[in-house]
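Raw structure06.cif, mmCIF, C-alpha atoms:
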data_structure
#
loop_
_atom_site.label_atom_id
_atom_site.label_comp_id
_atom_site.auth_asym_id
_atom_site.auth_seq_id
_atom_site.Cartn_x
_atom_site.Cartn_y
_atom_site.Cartn_z
CA MET A 1 -24.73 -4.45 14.66
CA SER A 2 -28.12 -4.67 13.02
CA ASP A 3 -27.48 -1.60 10.84
CA ASP A 4 -24.13 -2.87 9.55
CA ILE A 5 -24.42 -2.94 5.76
CA ARG A 6 -22.06 -5.91 5.63
CA THR A 7 -24.41 -8.24 7.46
CA LYS A 8 -27.31 -7.02 5.35
CA ILE A 9 -25.59 -8.16 2.15
CA GLY A 10 -24.10 -11.33 3.61
CA LEU A 11 -20.52 -10.22 4.27
CA ARG A 12 -18.51 -10.92 7.40
CA PRO A 13 -18.22 -7.90 9.74
CA VAL A 14 -14.44 -8.03 9.96
CA ILE A 15 -12.33 -5.86 12.25
CA ASN A 16 -9.20 -4.65 10.48
CA VAL A 17 -5.98 -4.57 12.51
CA SER A 18 -3.93 -5.39 9.44
CA GLY A 19 -3.55 -1.82 8.19
CA THR A 20 -4.36 -0.06 4.94
CA MET A 21 -4.82 -3.26 2.95
CA THR A 22 -6.61 -3.12 -0.40
CA SER A 23 -8.00 -6.63 0.18
CA LEU A 24 -9.93 -5.28 3.20
CA GLY A 25 -11.08 -2.05 1.59
CA ALA A 26 -7.93 -0.06 2.46
CA SER A 27 -9.25 2.51 4.94
CA ILE A 28 -12.16 4.30 6.52
CA VAL A 29 -13.09 7.08 4.09
CA VAL A 30 -13.06 10.48 5.79
CA PRO A 31 -16.41 12.34 6.11
CA GLU A 32 -15.15 15.21 3.94
CA ALA A 33 -14.54 12.85 1.01
CA ILE A 34 -17.92 11.13 1.46
CA GLU A 35 -19.67 14.49 1.47
CA ALA A 36 -17.78 15.66 -1.62
CA MET A 37 -18.56 12.49 -3.56
CA ALA A 38 -22.23 12.65 -2.68
CA ALA A 39 -22.37 16.28 -3.79
CA ILE A 40 -20.83 15.75 -7.22
CA LEU A 41 -22.38 12.39 -8.14
CA PRO A 42 -25.70 13.87 -9.41
CA GLN A 43 -23.91 16.50 -11.51
CA PHE A 44 -22.26 16.52 -14.93
CA VAL A 45 -18.74 17.90 -15.18
CA GLU A 46 -16.01 18.17 -17.79
CA ILE A 47 -13.64 15.57 -16.44
CA ASN A 48 -10.45 17.11 -17.84
CA ASP A 49 -11.30 20.43 -16.22
CA LEU A 50 -11.99 18.65 -12.93
CA GLN A 51 -8.61 16.93 -13.19
CA ARG A 52 -6.99 20.33 -13.70
CA LYS A 53 -8.61 21.49 -10.46
CA ALA A 54 -7.27 18.36 -8.79
CA SER A 55 -3.82 19.13 -10.20
CA SER A 56 -3.70 22.41 -8.30
CA VAL A 57 -4.54 20.71 -5.00
CA ILE A 58 -2.06 17.88 -5.64
CA ALA A 59 0.70 20.31 -6.61
CA ARG A 60 0.15 22.36 -3.46
CA LEU A 61 0.29 19.41 -1.10
CA THR A 62 3.16 17.55 -2.80
CA GLY A 63 5.34 20.40 -3.99
CA GLY A 64 5.19 19.01 -7.53
CA GLY A 65 4.47 20.91 -10.71
CA ALA A 66 1.24 19.06 -11.48
CA GLY A 67 -0.79 15.97 -10.68
CA PHE A 68 -3.87 13.95 -11.48
CA VAL A 69 -6.03 11.17 -10.09
CA THR A 70 -6.13 7.66 -11.52
CA ALA A 71 -7.59 4.30 -10.53
CA SER A 72 -4.86 3.17 -8.13
CA CYS A 73 -1.19 3.50 -7.33
CA SER A 74 -0.59 0.44 -9.53
CA ALA A 75 -2.28 2.29 -12.40
CA GLY A 76 -0.03 5.22 -11.59
CA ILE A 77 3.06 3.07 -12.14
CA SER A 78 1.80 1.98 -15.56
CA LEU A 79 0.79 5.49 -16.63
CA ALA A 80 4.01 7.12 -15.42
CA VAL A 81 6.13 4.50 -17.17
CA ALA A 82 4.05 4.83 -20.33
CA GLY A 83 4.48 8.59 -20.23
CA ALA A 84 8.24 8.24 -19.93
CA ILE A 85 8.23 5.95 -22.97
CA THR A 86 5.92 7.91 -25.28
CA GLY A 87 6.16 11.51 -24.12
CA ASP A 88 3.27 13.41 -25.71
CA ASN A 89 3.35 11.44 -28.98
CA LEU A 90 -0.34 10.61 -29.43
CA LEU A 91 0.31 7.90 -32.03
CA ALA A 92 2.80 6.16 -29.73
CA ILE A 93 0.23 6.42 -26.92
CA GLU A 94 -2.36 4.63 -29.07
CA LYS A 95 0.09 1.88 -30.00
CA LEU A 96 1.11 0.89 -26.48
CA PRO A 97 2.02 -1.65 -25.24
CA ASP A 98 3.77 -2.04 -28.62
CA VAL A 99 6.76 0.28 -28.58
CA SER A 100 8.66 1.79 -31.51
CA PRO A 101 11.41 2.90 -31.33
CA GLU A 102 12.26 0.62 -28.44
CA LYS A 103 13.37 3.09 -25.80
CA ASN A 104 11.39 1.25 -23.18
CA GLU A 105 13.79 -0.21 -20.64
CA VAL A 106 12.88 0.49 -17.01
CA LEU A 107 15.37 -0.09 -14.20
CA VAL A 108 14.24 -1.60 -10.90
CA GLN A 109 16.35 -2.87 -8.03
CA MET A 110 15.81 -6.61 -7.65
CA GLY A 111 15.02 -6.16 -3.97
CA HIS A 112 12.14 -3.86 -4.95
CA VAL A 113 10.32 -6.36 -7.14
CA VAL A 114 7.62 -7.22 -4.65
CA SER A 115 3.92 -7.98 -4.81
CA TYR A 116 1.32 -5.57 -3.45
CA GLY A 117 -1.38 -8.01 -4.61
CA ALA A 118 0.17 -8.11 -8.07
CA PRO A 119 3.85 -7.90 -9.05
CA VAL A 120 5.46 -4.45 -9.37
CA ASP A 121 7.14 -5.48 -12.60
CA GLN A 122 3.80 -6.41 -14.20
CA ALA A 123 2.59 -2.81 -13.84
CA ILE A 124 5.66 -1.77 -15.83
CA ARG A 125 5.20 -4.43 -18.50
CA LEU A 126 1.55 -3.43 -18.99
CA ALA A 127 2.83 -0.07 -20.21
CA GLY A 128 5.17 -1.62 -22.76
CA GLY A 129 8.16 -1.31 -20.46
CA LYS A 130 10.95 -3.85 -20.49
CA VAL A 131 12.01 -4.46 -16.89
CA VAL A 132 15.77 -4.41 -16.30
CA LEU A 133 16.59 -5.77 -12.85
CA ILE A 134 19.68 -4.34 -11.21
CA GLY A 135 21.67 -5.89 -8.39
CA GLN A 136 20.64 -8.92 -6.40
CA ALA A 137 17.79 -9.47 -3.97
CA THR A 138 19.77 -8.12 -1.01
CA SER A 139 22.36 -5.86 -2.62
CA THR A 140 22.54 -3.17 -5.27
CA HIS A 141 25.67 -1.10 -5.83
CA ARG A 142 26.34 1.99 -7.92
CA PHE A 143 28.07 0.00 -10.63
CA HIS A 144 24.98 -2.17 -11.10
CA MET A 145 22.83 0.83 -11.93
CA GLU A 146 25.43 2.88 -13.80
CA ASN A 147 26.17 0.03 -16.19
CA ALA A 148 22.50 -0.85 -16.71
CA ILE A 149 21.62 2.56 -18.17
CA THR A 150 21.73 2.60 -21.97
CA GLU A 151 20.23 4.63 -24.82
CA LYS A 152 17.15 2.39 -24.42
CA THR A 153 16.52 3.34 -20.79
CA ALA A 154 13.23 5.23 -20.46
CA ALA A 155 12.86 5.43 -16.67
CA ALA A 156 13.87 4.02 -13.30
CA VAL A 157 11.31 2.91 -10.69
CA TYR A 158 11.94 3.04 -6.95
CA VAL A 159 9.57 1.30 -4.50
CA VAL A 160 8.96 2.46 -0.92
CA SER A 161 7.20 -0.32 0.99
CA HIS A 162 7.43 -2.52 4.07
CA HIS A 163 7.65 -5.43 1.62
CA VAL A 164 10.97 -4.44 0.00
CA VAL A 165 14.40 -5.49 1.22
CA ASP A 166 15.37 -2.72 3.64
CA TYR A 167 19.15 -3.12 3.61
CA GLY A 168 21.94 -3.34 1.07
CA LEU A 169 20.09 -1.44 -1.67
CA LEU A 170 20.57 2.04 -3.13
CA HIS A 171 18.93 4.83 -1.16
CA LEU A 172 16.59 7.05 -3.14
CA THR A 173 18.94 10.05 -3.20
CA GLU A 174 21.77 7.94 -4.67
CA PHE A 175 19.35 6.22 -7.06
CA VAL A 176 18.22 9.67 -8.27
CA GLU A 177 21.78 10.95 -8.58
CA ILE A 178 22.83 8.05 -10.81
CA ALA A 179 19.69 8.22 -12.96
CA HIS A 180 19.75 11.99 -13.42
CA ALA A 181 23.45 11.95 -14.35
CA LYS A 182 22.37 10.12 -17.51
CA GLY A 183 19.07 11.93 -18.05
CA VAL A 184 16.80 9.15 -16.79
CA PRO A 185 13.63 10.14 -14.89
CA VAL A 186 12.85 8.48 -11.54
CA ILE A 187 9.36 7.27 -10.61
CA VAL A 188 8.71 6.52 -6.92
CA ASP A 189 5.95 4.17 -5.82
CA ALA A 190 5.05 5.59 -2.39
CA ALA A 191 1.57 4.13 -2.13
CA SER A 192 1.38 3.82 1.65
CA GLU A 193 3.48 6.78 2.70
CA TYR A 194 2.48 9.70 4.91
CA ASP A 195 4.96 12.29 3.65
CA LEU A 196 3.55 13.82 0.49
CA LYS A 197 6.58 16.03 -0.17
CA LEU A 198 9.62 13.96 0.81
CA PHE A 199 10.19 11.94 -2.37
CA LEU A 200 9.88 14.81 -4.83
CA ALA A 201 12.10 16.86 -2.50
CA GLN A 202 14.69 14.08 -2.67
CA GLY A 203 14.78 14.38 -6.45
CA ALA A 204 12.13 11.99 -7.77
CA ASP A 205 10.51 13.19 -10.98
CA ILE A 206 7.17 11.52 -10.22
CA ALA A 207 5.81 10.32 -6.89
CA LEU A 208 2.81 8.00 -6.73
CA TYR A 209 0.47 7.82 -3.74
CA SER A 210 -2.63 5.90 -2.85
CA GLY A 211 -5.65 8.13 -2.42
CA HIS A 212 -7.47 5.49 -0.38
CA LYS A 213 -4.93 4.40 2.22
CA PHE A 214 -3.68 6.90 4.80
CA LEU A 215 -5.42 9.79 3.05
CA GLY A 216 -8.82 8.14 3.56
CA GLY A 217 -10.18 8.99 0.13
CA PRO A 218 -12.00 6.83 -2.42
CA THR A 219 -10.15 4.01 -4.16
CA SER A 220 -7.64 5.86 -6.34
CA GLY A 221 -4.04 6.70 -7.10
CA ILE A 222 -2.33 10.09 -7.20
CA VAL A 223 0.35 10.93 -9.79
CA ALA A 224 2.41 14.00 -8.82
CA GLY A 225 5.61 15.65 -9.94
CA ASN A 226 7.33 17.17 -12.95
CA LYS A 227 4.76 19.02 -15.04
CA GLU A 228 5.77 17.60 -18.43
CA LEU A 229 6.14 14.03 -17.18
CA VAL A 230 2.78 14.23 -15.39
CA ARG A 231 1.20 15.59 -18.58
CA SER A 232 2.65 12.68 -20.60
CA ALA A 233 1.30 10.25 -18.01
CA PHE A 234 -2.14 11.92 -18.07
CA LEU A 235 -2.28 11.67 -21.87
CA GLN A 236 -2.20 7.88 -21.47
CA ASN A 237 -5.93 8.19 -20.70
CA MET A 238 -6.24 8.22 -24.50
CA GLY A 239 -4.54 4.80 -24.52
CA ILE A 240 -3.84 2.19 -21.87
CA GLY A 241 -5.15 4.54 -19.18
CA ARG A 242 -8.70 4.24 -20.50
CA GLY A 243 -9.18 1.08 -18.48
CA MET A 244 -7.72 2.81 -15.42
CA LYS A 245 -10.02 5.84 -15.45
CA VAL A 246 -11.77 7.26 -12.42
CA GLY A 247 -15.13 8.95 -12.19
CA LYS A 248 -15.95 12.48 -11.10
CA GLU A 249 -16.67 11.26 -7.59
CA SER A 250 -13.19 9.80 -7.19
CA VAL A 251 -11.41 12.90 -8.47
CA TYR A 252 -13.43 15.23 -6.27
CA GLY A 253 -13.28 12.81 -3.34
CA VAL A 254 -9.48 12.75 -3.51
CA MET A 255 -9.40 16.55 -3.63
CA ALA A 256 -11.50 16.65 -0.47
CA ALA A 257 -9.38 13.97 1.24
CA LEU A 258 -6.19 15.90 0.47
CA GLU A 259 -7.62 19.11 1.88
CA ALA A 260 -8.83 17.24 4.96
CA TRP A 261 -5.32 15.83 5.36
CA GLU A 262 -4.00 19.39 5.69
CA LYS A 263 -6.38 20.08 8.58
CA ARG A 264 -6.23 16.69 10.29
CA ASP A 265 -5.13 16.57 13.93
CA HIS A 266 -2.38 14.03 13.36
CA ALA A 267 -1.15 14.26 16.97
CA ALA A 268 -4.58 13.33 18.31
CA ILE A 269 -4.75 10.35 15.95
CA ARG A 270 -1.32 9.16 17.13
CA GLU A 271 -2.48 9.51 20.74
CA ARG A 272 -5.57 7.40 20.08
CA GLU A 273 -3.56 4.75 18.25
CA THR A 274 -0.98 4.61 21.04
CA ALA A 275 -3.78 4.02 23.55
CA CYS A 276 -4.91 1.01 21.48
CA LEU A 277 -1.39 -0.38 21.36
CA ASN A 278 -0.98 -0.02 25.12
CA LEU A 279 -4.35 -1.70 25.73
CA TRP A 280 -3.33 -4.71 23.64
CA LYS A 281 0.16 -4.86 25.13
CA ASN A 282 -1.28 -4.85 28.65
CA GLU A 283 -3.61 -7.70 27.68
CA LEU A 284 -0.74 -9.77 26.27
CA ASP A 285 2.01 -9.03 28.77
CA ASP A 286 2.72 -11.86 31.22
CA ARG A 287 0.90 -14.42 29.08
CA PRO A 288 2.97 -17.61 28.65
CA GLY A 289 4.67 -17.77 25.25
CA VAL A 290 3.59 -14.30 24.15
CA THR A 291 5.82 -11.25 23.73
CA ALA A 292 4.26 -7.92 22.73
CA LEU A 293 6.52 -5.21 21.33
CA ILE A 294 5.53 -1.72 20.17
CA GLU A 295 7.58 -1.03 17.06
CA PRO A 296 7.90 1.92 14.65
CA ASP A 297 6.81 1.72 11.02
CA PRO A 298 9.69 0.35 8.87
CA THR A 299 9.39 3.09 6.22
CA ASN A 300 9.46 5.90 8.80
CA ASN A 301 5.78 6.77 8.69
CA PRO A 302 4.84 8.44 12.00
CA LEU A 303 3.05 5.43 13.47
CA ASP A 304 3.68 2.32 15.54
CA ARG A 305 2.34 -1.22 15.47
CA LEU A 306 2.30 -4.04 18.01
CA ARG A 307 4.40 -7.05 17.10
CA VAL A 308 3.00 -10.19 18.74
CA VAL A 309 5.67 -12.89 19.02
CA ILE A 310 4.50 -16.41 19.78
CA SER A 311 6.40 -19.29 21.34
CA PRO A 312 4.24 -22.31 20.38
CA THR A 313 5.55 -24.60 23.11
CA GLU A 314 4.42 -22.16 25.81
CA ALA A 315 1.41 -20.52 24.17
CA HIS A 316 0.23 -23.92 22.83
CA ILE A 317 -0.39 -22.41 19.39
CA THR A 318 1.63 -21.21 16.42
CA ALA A 319 1.48 -17.61 15.23
CA TRP A 320 -0.23 -18.63 12.01
CA ASP A 321 -2.82 -20.75 13.78
CA LEU A 322 -3.56 -17.89 16.16
CA ALA A 323 -3.91 -15.47 13.23
CA ALA A 324 -6.26 -17.94 11.53
CA ALA A 325 -8.33 -18.43 14.70
CA LEU A 326 -8.71 -14.67 15.12
CA SER A 327 -9.83 -14.32 11.50
CA GLN A 328 -12.37 -17.14 11.77
CA GLY A 329 -13.94 -16.18 15.09
CA ASN A 330 -16.83 -13.90 16.00
CA PRO A 331 -16.23 -11.18 15.12
CA PRO A 332 -13.43 -11.91 12.67
CA VAL A 333 -10.22 -10.00 13.49
CA ILE A 334 -7.76 -9.71 10.60
CA VAL A 335 -4.15 -9.21 11.68
CA ARG A 336 -1.09 -8.16 9.67
CA ASP A 337 0.38 -11.59 8.99
CA HIS A 338 2.80 -11.25 6.07
CA GLU A 339 5.74 -12.46 8.23
CA VAL A 340 3.83 -15.04 10.25
CA GLU A 341 6.19 -17.91 9.39
CA HIS A 342 8.67 -16.17 11.71
CA GLN A 343 6.19 -16.79 14.56
CA HIS A 344 4.95 -13.23 14.79
CA PHE A 345 2.27 -10.96 13.42
CA TYR A 346 1.37 -7.31 13.84
CA LEU A 347 -1.64 -5.39 15.13
CA ASP A 348 -2.19 -2.06 13.37
CA PRO A 349 -4.64 0.37 15.03
CA CYS A 350 -5.00 2.85 12.15
CA ASN A 351 -8.35 1.56 10.86
CA LEU A 352 -10.45 1.03 13.97
CA HIS A 353 -13.85 2.43 14.76
CA PRO A 354 -14.32 3.57 18.39
CA GLY A 355 -14.66 0.61 20.73
CA GLN A 356 -13.21 -1.96 18.35
CA GLU A 357 -9.88 -1.91 20.18
CA GLU A 358 -11.65 -3.43 23.19
CA ILE A 359 -13.17 -6.16 21.00
CA VAL A 360 -9.71 -6.98 19.64
CA ALA A 361 -8.35 -7.31 23.17
CA VAL A 362 -11.21 -9.67 24.11
CA ARG A 363 -10.68 -11.78 20.99
CA LEU A 364 -6.94 -12.08 21.67
CA ALA A 365 -7.67 -13.26 25.20
CA GLU A 366 -10.32 -15.73 24.02
CA GLU A 367 -8.08 -17.44 21.50
CA LEU A 368 -4.99 -17.50 23.70
CA ASN A 369 -6.97 -18.89 26.66
CA LYS A 370 -8.47 -21.55 24.43
CA ALA A 371 -5.02 -22.54 23.17
CA ARG A 372 -3.53 -22.72 26.67
CA ALA A 373 -6.39 -24.98 27.74
CA SER A 374 -5.52 -27.41 24.96
CA ASN A 375 -3.59 -30.52 25.94
CA GLU A 376 -1.72 -30.40 22.66
CA ILE A 377 0.03 -27.59 20.80
CA ILE A 378 -2.14 -26.28 17.97
CA ALA A 379 0.36 -26.47 15.15
CA THR A 380 -0.87 -27.11 11.64
CA PRO A 381 1.91 -27.41 9.03
CA PHE A 382 2.78 -23.99 7.64
CA GLU A 383 2.77 -25.58 4.19
CA ASN A 384 -1.01 -25.98 4.49
CA ARG A 385 -1.33 -22.20 4.68
CA SER A 386 0.75 -21.78 1.53
CA LYS A 387 -1.14 -24.54 -0.27
CA HIS A 388 -4.53 -22.91 0.35
CA ARG A 389 -3.50 -19.24 0.19
CA PHE A 390 -5.49 -18.49 -2.97
CA ASP A 391 -8.49 -20.73 -2.40
CA GLY A 392 -10.80 -17.80 -1.74
CA MET A 393 -9.78 -16.04 -4.96
CA LEU A 394 -10.04 -19.18 -7.07
CA ARG A 395 -13.50 -20.03 -5.71
CA TRP A 396 -15.28 -17.64 -8.08
CA PRO A 397 -18.19 -17.33 -8.29
CA ASP A 398 -19.89 -19.31 -5.54
#
In structure tokens, how does this file's structure come out?
Amino acid sequence: MSDDIRTKIGLRPVINVSGTMTSLGASIVVPEAIEAMAAILPQFVEINDLQRKASSVIARLTGGGAGFVTASCSAGISLAVAGAITGDNLLAIEKLPDVSPEKNEVLVQMGHVVSYGAPVDQAIRLAGGKVVLIGQATSTHRFHMENAITEKTAAAVYVVSHHVVDYGLLHLTEFVEIAHAKGVPVIVDAASEYDLKLFLAQGADIALYSGHKFLGGPTSGIVAGNKELVRSAFLQNMGIGRGMKVGKESVYGVMAALEAWEKRDHAAIRERETACLNLWKNELDDRPGVTALIEPDPTNNPLDRLRVVISPTEAHITAWDLAAALSQGNPPVIVRDHEVEHQHFYLDPCNLHPGQEEIVAVRLAEELNKARASNEIIATPFENRSKHRFDGMLRWPD
């Protein structure tokens, strides 16, 4: 479109069927948040007082004792860990990441050490935490965690994500039980989760949410939970949190997004998303080498995605080559391709503007028809994808 700001500044007008991905801008910001940010931007405020106002909204929606807004969920991990290490000791806060005395060990299940664009364990180390991995990649048992807790243990971090190993690990309630039996607070990274109350209700001391994913607020993170632990995390703004600060517009924008979340017609959104999934499934059904399956979210968020499974010999293209073709076409369509080596990718309808679902269906048909017309199977070595994965990031600046 001629009025698309992206084309005006030389960016590709991508269509996002990948989901709430930070690399794509995370989500469409809700009108209430945009209006709130525009209203407060020209004004001066006392930031700490504004954060206290935000705390009331966060506490109401999460069931926690307090909360505040920071730069991202990743920042929230660092600040919450730092708070568990230092408490409200202002000198210790200034000294981080140097820690004295060294009560700075942080337990994490090995199957939870994933990358959300950066490694989970790095967010802990930035705060002066010493990561203690428990269990193995696909199994953690009670004895692993019980025997890892020492007088140096400051906290335990639990990650809720589609990236983590989803079997063989300790469930949150058991993780909390073991930690609390020895006085260790539990911090839950729930960046992309719908349920704002579940994790604190299950015993977590701090729950961390993204303000800019499903909530549709500005880029931000929300720290919620136990009043004293949240206060200790907030005090890190006098230390390592200084580089993770947010402006007045982000704090107020998150407040507005949270209040809009309370009033949102979630059933109507699900109905619209289901219509998109059915449209795409109907387009893909009966195509040679293509299987389309509507599947629930793996972390029990109330949403579905379409898994597109490709048989290269019949479709004449691999899943990763199809994903690449969609992303390089006109307009570019970015799919959810983190498991594409298994010959499938996902289509997520949560971030579409009206009418874009039809464009996605057309683009799928275009690329699949083109592949079927090919005399040879389009199959570049998967290793090429891995080899060039970070080319765009490393090419800086142009």
Item to check | Picked residues, the PyMOL selection byres ((chain A and resi 371) around 10), as a PyMOL selection string | outcome: chain A and resi 312+314-318+321-322+325+365-370+372-378
Next on the checklist: Given the PyMOL selection byres ((chain A and resi 99-107) around 9) and the file above, list the residues it selects as a PyMOL selection string.
Outcome noted: chain A and resi 81-82+84-86+92+95-98+108-109+124+128-134+145+148-158
Next on the checklist: Nearest residue to A:Val160 out of A:Ile269, A:Val45, A:Leu208, A:Ala379, using all atoms listed in the file?
Outcome noted: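 Between A:Ile269, A:Val45, A:Leu208, A:Ala379, the residue approaching A:Val160 most closely is A:Leu208.
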Checklist entry - Could you work out how far atom CA of A:Thr219 lies from atom CA of A:Ser250, giving the answer in Å with one decimal? => result 7.2 Å
Checklist entry - Which neighbours of A:Cys350 fall inside 8 Å, counting all atoms listed in the file, when residues of the same chain fewer than 4 positions from it are skipped, and could you give them as a list in words? => result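 Selected residues are Val17, Gly19, Thr20 and Glu273 of chain A.
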Checklist entry - For A:Ala54, which residue out of A:Leu198, A:Leu258, A:Leu90, A:Ala204 is the nearest one, using only C-alpha atoms? => result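 Looking only at the distances to A:Ala54, the closest residue turns out to be A:Leu258.
Distance check against A:Asn384 using only C-alpha atoms: of A:Pro331, A:Trp320, A:Ser23, A:Asp49, the minimum falls on A:Trp320.
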Next on the checklist: Between A:Val159, A:Val165, A:Ala233, A:Leu61, which residue has the minimum interatomic distance to A:Ser192, considering all atoms listed in the file?
Outcome noted: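 Smallest distance to A:Ser192 is found for A:Val159.
You can rank A:Ala207, A:Leu352, A:Leu347, A:Met244 by their closest distance to A:Ala59 using only C-alpha atoms, and at the top of that list sits A:Ala207.
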Name all residues at most 12 Å from A:Phe143 (count all atoms listed in the file; drop same-chain ones fewer than 4 positions away) and give them as a CSV table (one decimal) with C-alpha atoms, in the frame of the given file.
chain,number,residue,atom,x,y,z
A,134,ILE,CA,19.7,-4.3,-11.2
A,135,GLY,CA,21.7,-5.9,-8.4
A,139,SER,CA,22.4,-5.9,-2.6
A,147,ASN,CA,26.2,0.0,-16.2
A,148,ALA,CA,22.5,-0.8,-16.7
A,149,ILE,CA,21.6,2.6,-18.2
A,170,LEU,CA,20.6,2.0,-3.1
A,174,GLU,CA,21.8,7.9,-4.7
A,175,PHE,CA,19.4,6.2,-7.1
A,178,ILE,CA,22.8,8.0,-10.8
A,179,ALA,CA,19.7,8.2,-13.0
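Pairwise distance (atom CA of A:Arg60, atom CA of A:Val254) equals 13.6 Å.
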Next on the checklist: Here's the selection I'm unsure about, the PyMOL selection byres ((chain A and resi 362) around 12); applied to the file above, which residues does it give, as a ChimeraX atom specification?
Outcome noted: /A:279-280,282-284,326,329-333,355-361,363-369
Checklist entry - Counting all atoms listed in the file, which of A:His180, A:His144, A:Arg307, A:His212 gets nearest to A:Phe345? => result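 Once distances to A:Phe345 are computed over all atoms listed in the file, the minimum belongs to A:Arg307.
Atom CA of A:Gly289 is found 17.9 Å from atom CA of A:Glu339.
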Within 9 Å of stretch 295-297 of chain A using only C-alpha atoms, minus same-chain residues under 3 positions, as a PDB file with C-alpha atoms, in the frame of the given file:
ATOM      1  CA  HIS A 162       7.430  -2.520   4.070  1.00  0.00           C
ATOM      2  CA  ASN A 300       9.460   5.900   8.800  1.00  0.00           C
ATOM      3  CA  ASN A 301       5.780   6.770   8.690  1.00  0.00           C
ATOM      4  CA  PRO A 302       4.840   8.440  12.000  1.00  0.00           C
ATOM      5  CA  LEU A 303       3.050   5.430  13.470  1.00  0.00           C
ATOM      6  CA  ASP A 304       3.680   2.320  15.540  1.00  0.00           C
ATOM      7  CA  ARG A 305       2.340  -1.220  15.470  1.00  0.00           C
ATOM      8  CA  LEU A 306       2.300  -4.040  18.010  1.00  0.00           C
ATOM      9  CA  ARG A 307       4.400  -7.050  17.100  1.00  0.00           C
TER      10      ARG A 307
END
How big is the axis-aligned box around the listed atoms of stretch 147-159 of chain A once 4 Å is added on each side, and where is its centre? Give both in Å to one decimal, as JSON.
{"center_x": 17.9, "center_y": 2.3, "center_z": -14.7, "size_x": 24.6, "size_y": 14.3, "size_z": 28.3}
